[in-house]
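Written out below as structure tokens is the structure these notes cover.
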Amino acid sequence: MTVMEAIKKRCSVRGYQDRPVEKEKTDKVLEAARLAPSASNRQEWRFVVVQNRDTRQRLMKAAKGQAFVGEAPVIIACCAKTDDHVMTCGQMCYPIDIAIAIEHMALEAAEEGLGSCWIGAFYEDQVKEILSIPQNIRVVELLALGYPAKSSSTHKERLSIEEIVMHERWRK
């Protein structure tokens with residue numbers, strides 16, 4: 001599979017088979033995150049891999065009751081051990097760097113025949129309590145991972161390239 005094929009295949013999966021993900025596949029997904037670039041090579045990301053059914057059920061409640069969170073065989077809490085460094089452009093490093101690592105994981109998951117879904121609708125304090133994450137660590141996103149319950153359409157409604165790309169300067 002090419003990178004572009006993985007990009008086209010990847011979609012948010014919110015229904016999973018009751019089937020464990022092989023350790024080798026989980027390891028490849030995590031390795032993809034480890035290899036992601038980061039600002040000044042800070043590598044602030046940290047990951048808590050959750051496979052225990054009871055813990056996933058508790059995380060589902062912390063994720064505003066989204067049923068697929070408890071259904072996915074793997075939930076990865078994508079965290080940042082950060083010094084809150086701000087880049088010259090004014091953006092904090094850690095949210096961007098964690099996002100890059102998560103999308104590396106999502107693309108590798110697609111390569112491995114797995115589905116994934118970024119989860120931003122959760123209560124960070126509850127996730128920290130459930131997973132014993134220290135207060136100085138940020139939980140940026142959760143990532144659901146597993147075999148999709150049904151094959152999904154790879155057609156995604158997207159704006160045209162002409163609507164999103166400008167050359168040389170912003171156009172009105």
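Lettering and numbering for the structure tokens are positional, with chains as A, B, ... in the shown order, residues counted from 1 in each chain, and ligands counted from 1 in the shown order.
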
### Message
Residues within 10 Å of stretch 92-108 of chain A, please, as a VMD selection string. Count only C-alpha atoms; anything in the same chain fewer than 6 positions from it doesn't count.
### Response
chain A and resid 3 to 12 25 to 26 28 to 47 76 78 to 86 114 to 118 138 to 145

### Task
If you run DSSP over the backbone, which residues in stretch 4-83 of chain A end up strand (DSSP E)? Put them as a list in words.
Trp45, Arg46, Phe47, Val48, Val49, Val50, Val74, Ile75, Ile76, Ala77, Cys78, Cys79 and Ala80 of chain A

Those residues with N, CA and C atoms, as an mmCIF file, in the first residue's frame please?
```
data_model
loop_
_atom_site.group_PDB
_atom_site.id
_atom_site.type_symbol
_atom_site.label_atom_id
_atom_site.label_comp_id
_atom_site.auth_asym_id
_atom_site.auth_seq_id
_atom_site.Cartn_x
_atom_site.Cartn_y
_atom_site.Cartn_z
ATOM 1 N N TRP A 45 5.585 13.238 23.273
ATOM 2 C CA TRP A 45 4.482 12.282 23.329
ATOM 3 C C TRP A 45 4.767 11.133 24.286
ATOM 4 N N ARG A 46 3.688 10.670 24.911
ATOM 5 C CA ARG A 46 3.683 9.471 25.746
ATOM 6 C C ARG A 46 2.341 8.797 25.479
ATOM 7 N N PHE A 47 2.308 7.477 25.505
ATOM 8 C CA PHE A 47 1.095 6.748 25.142
ATOM 9 C C PHE A 47 0.759 5.705 26.201
ATOM 10 N N VAL A 48 -0.506 5.650 26.570
ATOM 11 C CA VAL A 48 -0.998 4.615 27.468
ATOM 12 C C VAL A 48 -1.926 3.736 26.636
ATOM 13 N N VAL A 49 -1.544 2.482 26.466
ATOM 14 C CA VAL A 49 -2.310 1.535 25.649
ATOM 15 C C VAL A 49 -3.244 0.769 26.580
ATOM 16 N N VAL A 50 -4.536 0.848 26.304
ATOM 17 C CA VAL A 50 -5.549 0.231 27.160
ATOM 18 C C VAL A 50 -6.271 -0.854 26.371
ATOM 19 N N VAL A 74 -8.743 -1.636 21.514
ATOM 20 C CA VAL A 74 -7.590 -0.876 21.990
ATOM 21 C C VAL A 74 -7.964 0.606 22.024
ATOM 22 N N ILE A 75 -7.671 1.233 23.152
ATOM 23 C CA ILE A 75 -7.751 2.690 23.257
ATOM 24 C C ILE A 75 -6.361 3.167 23.647
ATOM 25 N N ILE A 76 -5.861 4.129 22.905
ATOM 26 C CA ILE A 76 -4.545 4.693 23.219
ATOM 27 C C ILE A 76 -4.761 6.118 23.720
ATOM 28 N N ALA A 77 -4.367 6.358 24.967
ATOM 29 C CA ALA A 77 -4.384 7.717 25.503
ATOM 30 C C ALA A 77 -3.111 8.395 25.027
ATOM 31 N N CYS A 78 -3.268 9.423 24.228
ATOM 32 C CA CYS A 78 -2.142 10.121 23.615
ATOM 33 C C CYS A 78 -1.849 11.355 24.463
ATOM 34 N N CYS A 79 -0.734 11.292 25.156
ATOM 35 C CA CYS A 79 -0.409 12.270 26.188
ATOM 36 C C CYS A 79 0.834 13.068 25.830
ATOM 37 N N ALA A 80 1.056 14.138 26.579
ATOM 38 C CA ALA A 80 2.239 14.967 26.396
ATOM 39 C C ALA A 80 2.912 15.218 27.738
#
```

### Message
With DSSP run on the backbone, what are the alpha helix (DSSP H) residues within stretch 13-73 of chain A? I'd like them as a PyMOL selection string.
### Response
chain A and resi 23-34+53-62+67-71
